[in-house]
Amino acid sequence: MAQSQHREGIAAGRLAPPQYADNFSDLHPPLDRHEAVVEADRCYFCYDAPCMQACPTEIDIPLFIRQIATGNPLGAARTIFDQNILGGMCARVCPTETLCEEACVREAAEGKPVQIGRLQRYATDAAMAAGRQFYERAAPTGRRIAVVGAGPAGLACAHRLAVRGHDVTIFEARPKPGGLNEYGIAAYKATDDFAQAEVDYVTEIGGIAIDYDKALGRDFSLAELVATHDAVFLGMGLAGVNALNAGGEAAQGVGNAVDFIAELRQASDLAAIPVGRRVVVIGGGMTAIDAGIQSKLLGAEEVTICYRRGKEHMNASQMEQDLAASKGVLIRHWLQPKRVLTEGGRVTGIEMEYTGMRDGRLAGTGETVVIEADQVFKAIGQSFDPAPLNGSGNMIALERGRIKVDAEGRTSMAGVWAGGDCVADAREDLTVAAVAAGRDAAESIHRTLTADGRA
Amino acid sequence: MADIRSDFVGIRSPNPFWLASAPPTDKAYNVIRAFKAGWGGVVWKTLGEEGPPVVNVNGPRYGAIWGADRRLLGLNNIELITDRDLYVNLREIKQVKRDWPDRAMVVSIMVPCEEAAWKAILPLVEETGADGIELNFGCPHGMSERGMGSAVGQVPEYVEMVVRWCKQNTRMPVITKLTPNITDIRKPARAAFAGGTDAVSLINTINSITAVDLDNFSPEPSIDGKGTHGGYCGPAVKPIAMNMVAEIARDPETRGLPISGIGGITTWRDAAEFMALGAGTVQVCTAAMTYGFKIVQEMIDGLNNWMDAKGHSSLDDIVGRAVPNVTDWQFLNLNYVAKAHINQDLCIKCGRCHIACEDTSHQAITAVVDGARHFEVKEEECVGCNLCVNVCPVEGCITMEPLAAGALDRRTGMPVEPVYANWTTHPNNPAARQAAE
């Protein structure tokens with residue numbers, strides 16, 4: 001198939017069929033029992049453990065690792081799920097190298113942290129394989145809560161509300177649940193349809209209904225939700241994609257990295273996904289890395305990620321950058337897009353301008369370089385689209401372009417909470433942070449609903 | 001280069017590392033492999049009296065406990081003495097000794113507590129050309145139920161009696177192997193000494209159950225759902241063994257009695273420690289059974305290097321050197337004051353020192369200083385107990401620093417006294433002797 005791999009333009013089927021399965025297999029295969037016990041043995045069971053402090057959901061990591069070490073993986077899973085009901089996905093997609101594993105004292109001691117993420121997966125996989133549910137719903141409260149978005153924030157919120165005895169309806173704009181877990185993560189990080197399996201596991205507790213293809217502002221309004229529910233949680237994520245603001249952006253072959261990633265995850269046949277012979281990805285975050293690596297894995301000959309600042313400024317972790325490099329993706333720094341070059345309406349390359357810091361600000365130097373490309377992905381960030389909120393006739397206060405919330409996740413509108421990527425809070429835009437926000441908002445909702453004497 | 005040749009009660013070996021009487025020394029094949037690997041000597045696995053050999057169980061013989069990464073810390077066994085024919089063993093012993101004349105060949109013996117039985121076997125062993133015998137008064141399982149092994153070792157009068165029989169009936173040096181399953185190890189040692197033994201060796205294994213199978217509630221090792229106590233050995237028993245060696249070494253009644261040290265010796269360092277406490281040779285079993293015979297190379301080299309580094313030229317320079325420093329608690333210097341010190345450059349901030357001290361000791365280590373995670377000793381609370389040193393995962397990070405005489409002990413608010421003073425003269429001791437007026 002060598003001939004087709006080097007075909008010009010954007011083409012599907014660049015690789016021999018078995019190569020796709022190899023390329024998109026589990027990035028970090030599960031630990032077997034021996035590996036898990038050996039790794040768990042390495043944990044020092046620290047006091048007030050730094051890993052736990054670094055975890056946005058504050059999982060009691062030393063305890064769950066000790067439970068693995070003592071042959072109690074189901075107990076370990078319960079310790080994880082107590083804090084993070086999406087602990088299975090977080091074990092796969094968390095940038096542990098900048099969270100728990102960066103804080104691990106063995107990182108300080110030897111530069112080799114305990115593999116907390118993989119141990120977490122070992123425990124959560126064991127519980128899910130055993131079909132073990134750890135939570136029972138409290139007595140029904142009769143309260144009905146609407147959750148907008150079946151992503152990590154919405155699912156975590158819904159699960160905790162269900163545990164507390166409330167009834168939850170999740171309104172999901174897409175045909176499948178999971179949010180970014182289903183649509184926004186590189187395929188090799190969540191193999192075997194894990195996102196859907198996890199949603200099934202989470203919703204098995206009962207009391208959670210999911211209404212698909214229902215988008216806020218299109219199919220219903222916030223005012224309607226507020227009127228018909230005791231509380232509302234907004235966890236709809238970021239719908240907007242930032243533009244390049246470079247000439248030629250509309251050309252055929254220029255696309256959003258998030259759409260490419262979603263298409264890949266939904267594809268039943270990876271060989272059917274077209275990819276350029278030469279691909280340029282603009283951006284420096286995880287999305288850029290995921291798009292770049294997956295382009296390469298689909299058979300692109302040259303993949304270049306261009307980032308307008310230096311290596312040290314990239315949002316993608318070192319581990320992600322190294323992964324990209326190991327797959328043959330070239331990461332170039334201090335380059336910003338100037339103009340997409342086209343021929344007959346199709347992309348032929350992109351003209352990049354060198355950048356540098358001038359007077360403390362990023363600025364183009366005026367020098368340019370052309371990188372040949374037949375496909376360009378934009379991965380320069382996503383933005384919150386407030387239009388669906390306004391469509392309800394009610395205004396919710398925004399902050400820095402996202403929904404403003406207080407420490408408990410309450411918005412400016414009474415009875416409405418929000419969390420995850422759609423809010424402006426101190427949390428990072430990470431699955432695990434969204435889970436924490438959803439969980440905490442659920443507790444706030446529960447306190448509010450039960451404190452007013454009606455429950 | 002230090003000279004590590006050993007002459008132990010007239011038994012010469014190129015180094016002091018012997019294999020203990022156990023499965024690794026049950027037959028010529030193993031012993032030859034051991035000698036090829038460099039072992040200085042062996043104590044051949046215990047021979048019983050002539051006749052049908054003993055039988056062993058046909059299921060598991062060993063149980064164990066493990067540390068991190070399944071490192072074997074303690075092993076127990078329910079194997080009995082050799083289950084091979086006496087004459088096969090004797091022939092092999094004779095051949096191996098002939099082929100390896102520079103290695104120590106000691107033969108372990110266990111026969112019933114009757115003089116005739118000993119009189120019968122001693123000439124047979126002597127005829128092999130073996131360098132000496134070791135009396136197995138130690139095995140705590142199986143044979144003890146038949147009045148042998150530790151059943152003898154636990155009764156000093158029997159020990160003395162059997163040793164005397166042996167001394168009267170053979171020219172070979174007699175090493176009496178002692179059981180630790182006894183309250184005061186000095187009693188059987190004194191008895192062996194009184195009987196004329198040339199040396200003692202210790203410890204034999206400790207009565208133990210290593211584990212219980214929680215599915216069928218059988219002790220391990222499990223034989224068809226039942227288990228029995230076995231003899232415990234390996235690194236976990238080393239502290240017990242060293243204390244018993246030291247107790248004998250410093251006992252005025254047995255002073256000078258040669259000792260062959262046994263119990264969890266795994267490295268040259270373990271060996272050197274036993275020797276410092278009075279052992280002239282050391283015997284190894286579990287370490288070889290865990291890692292194979294090759295470990296002796298590290299032991300020989302490590303002992304040599306340490307002796308060279310410290311200027312010790314022969315084993316005589318090190319054997320017993322720590323014995324004068326083993327004393328009774330009442331003679332420890334109560335005016336010696338040490339405080340823990342945490343090296344912040346080495347600290348990895350695991351906090352185990354803090355929580356150990358906070359939960360279980362003296363609340364003398366911080367967790368947070370100026371809002372940051374920081375572990376530091378509060379000298380005004382520190383009693384110098386050493387627990388933090390022992391729980392710290394980083395060697396050398398926490399050290400015990402003695403306070404100089406005259407320095408302020410911030411816990412007591414008193415300066416450190418410059419003179420030695422112990423409990424015997426302490427004012428809180430109701431039995432304290434008054435100094436002469």
# chains A, B, ... in the order shown; residues from 1 in each chain; ligands from 1
call {"tool": "residues_around", "arguments": {"residues": "segment 214-223 of chain A", "least_positions_apart": "6", "cutoff": "10 Å", "atoms": "only C-alpha atoms", "output": "number ranges by chain"}}
result
A: 146, 148-149, 170-175, 232, 234, 236, 386-395, 416
call {"tool": "residues_around", "arguments": {"residues": "Val174 of chain B", "least_positions_apart": "6", "cutoff": "7 Å", "atoms": "only C-alpha atoms", "output": "PyMOL selection string"}}
result
chain B and resi 132-134+167+197-199
call {"tool": "write_last_selection", "arguments": {"atoms": "N, CA and C atoms", "output": "short mmCIF file (atom, residue, chain, number, x, y, z; two decimals), in the first residue's frame"}}
result
data_model
loop_
_atom_site.label_atom_id
_atom_site.label_comp_id
_atom_site.auth_asym_id
_atom_site.auth_seq_id
_atom_site.Cartn_x
_atom_site.Cartn_y
_atom_site.Cartn_z
N GLY B 132 34.56 -32.15 61.32
CA GLY B 132 33.93 -31.97 62.63
C GLY B 132 32.47 -32.37 62.53
N ILE B 133 31.83 -32.33 63.69
CA ILE B 133 30.40 -32.65 63.71
C ILE B 133 29.64 -31.51 64.36
N GLU B 134 28.39 -31.43 63.94
CA GLU B 134 27.49 -30.45 64.58
C GLU B 134 26.31 -31.23 65.13
N LYS B 167 32.05 -36.08 72.95
CA LYS B 167 33.45 -35.76 73.19
C LYS B 167 34.24 -37.01 73.61
N THR B 197 31.86 -29.10 74.85
CA THR B 197 31.75 -28.78 73.43
C THR B 197 32.88 -27.87 72.99
N ASP B 198 33.26 -28.01 71.73
CA ASP B 198 34.31 -27.14 71.20
C ASP B 198 33.74 -25.80 70.79
N ALA B 199 32.45 -25.80 70.41
CA ALA B 199 31.83 -24.56 69.96
C ALA B 199 30.31 -24.72 70.01
#
call {"tool": "residues_around", "arguments": {"residues": "Asp409 of chain B", "least_positions_apart": "5", "cutoff": "8 Å", "atoms": "only C-alpha atoms", "output": "list in words"}}
result
Val337, Glu379, Glu380, Leu403, Met414, Pro415 and Val416 of chain B
call {"tool": "interface_residues", "arguments": {"of": "chain B", "to": "chain A", "cutoff": "7 Å", "atoms": "only C-alpha atoms", "output": "JSON list (two decimals) with N, CA and C atoms, in the first residue's frame"}}
result
[["chain", "number", "residue", "atom", "x", "y", "z"],
["B", 68, "ALA", "N", 8.22, -5.53, 50.44],
["B", 68, "ALA", "CA", 7.84, -4.90, 49.19],
["B", 68, "ALA", "C", 8.49, -5.62, 48.02],
["B", 69, "ASP", "N", 7.77, -5.64, 46.89],
["B", 69, "ASP", "CA", 8.27, -6.29, 45.68],
["B", 69, "ASP", "C", 8.53, -7.77, 45.93],
["B", 348, "ILE", "N", 12.09, 14.10, 50.85],
["B", 348, "ILE", "CA", 11.19, 14.04, 49.69],
["B", 348, "ILE", "C", 9.77, 14.40, 50.10],
["B", 349, "LYS", "N", 9.61, 14.78, 51.36],
["B", 349, "LYS", "CA", 8.32, 15.30, 51.85],
["B", 349, "LYS", "C", 7.20, 14.26, 51.83],
["B", 350, "CYS", "N", 7.52, 13.04, 52.18],
["B", 350, "CYS", "CA", 6.47, 12.02, 52.28],
["B", 350, "CYS", "C", 5.67, 12.19, 53.56],
["B", 351, "GLY", "N", 6.29, 12.78, 54.57],
["B", 351, "GLY", "CA", 5.56, 13.06, 55.80],
["B", 351, "GLY", "C", 5.42, 11.88, 56.75],
["B", 352, "ARG", "N", 6.10, 10.78, 56.44],
["B", 352, "ARG", "CA", 5.94, 9.63, 57.32],
["B", 352, "ARG", "C", 6.56, 9.88, 58.69],
["B", 355, "ILE", "N", 3.89, 11.83, 60.68],
["B", 355, "ILE", "CA", 2.70, 11.13, 61.16],
["B", 355, "ILE", "C", 3.07, 10.05, 62.17]]
call {"tool": "residues_around", "arguments": {"residues": "Leu31 of chain A", "least_positions_apart": "3", "cutoff": "7 Å", "atoms": "only C-alpha atoms", "output": "short mmCIF file (atom, residue, chain, number, x, y, z; two decimals) with C-alpha atoms, in the first residue's frame"}}
result
data_model
loop_
_atom_site.label_atom_id
_atom_site.label_comp_id
_atom_site.auth_asym_id
_atom_site.auth_seq_id
_atom_site.Cartn_x
_atom_site.Cartn_y
_atom_site.Cartn_z
CA GLU A 35 2.39 -5.33 37.58
CA ALA A 36 -0.22 -3.63 39.73
CA ARG A 118 -2.53 3.11 35.70
CA TYR A 122 -6.53 -1.28 37.45
#
call {"tool": "residues_around", "arguments": {"residues": "segment 156-164 of chain A", "least_positions_apart": "5", "cutoff": "8 Å", "atoms": "only C-alpha atoms", "output": "count of residues only"}}
result
27
call {"tool": "atom_distance", "arguments": {"atom1": "atom CA of Ile318 of chain B", "atom2": "atom CA of Pro258 of chain B"}}
result
13.8 Å
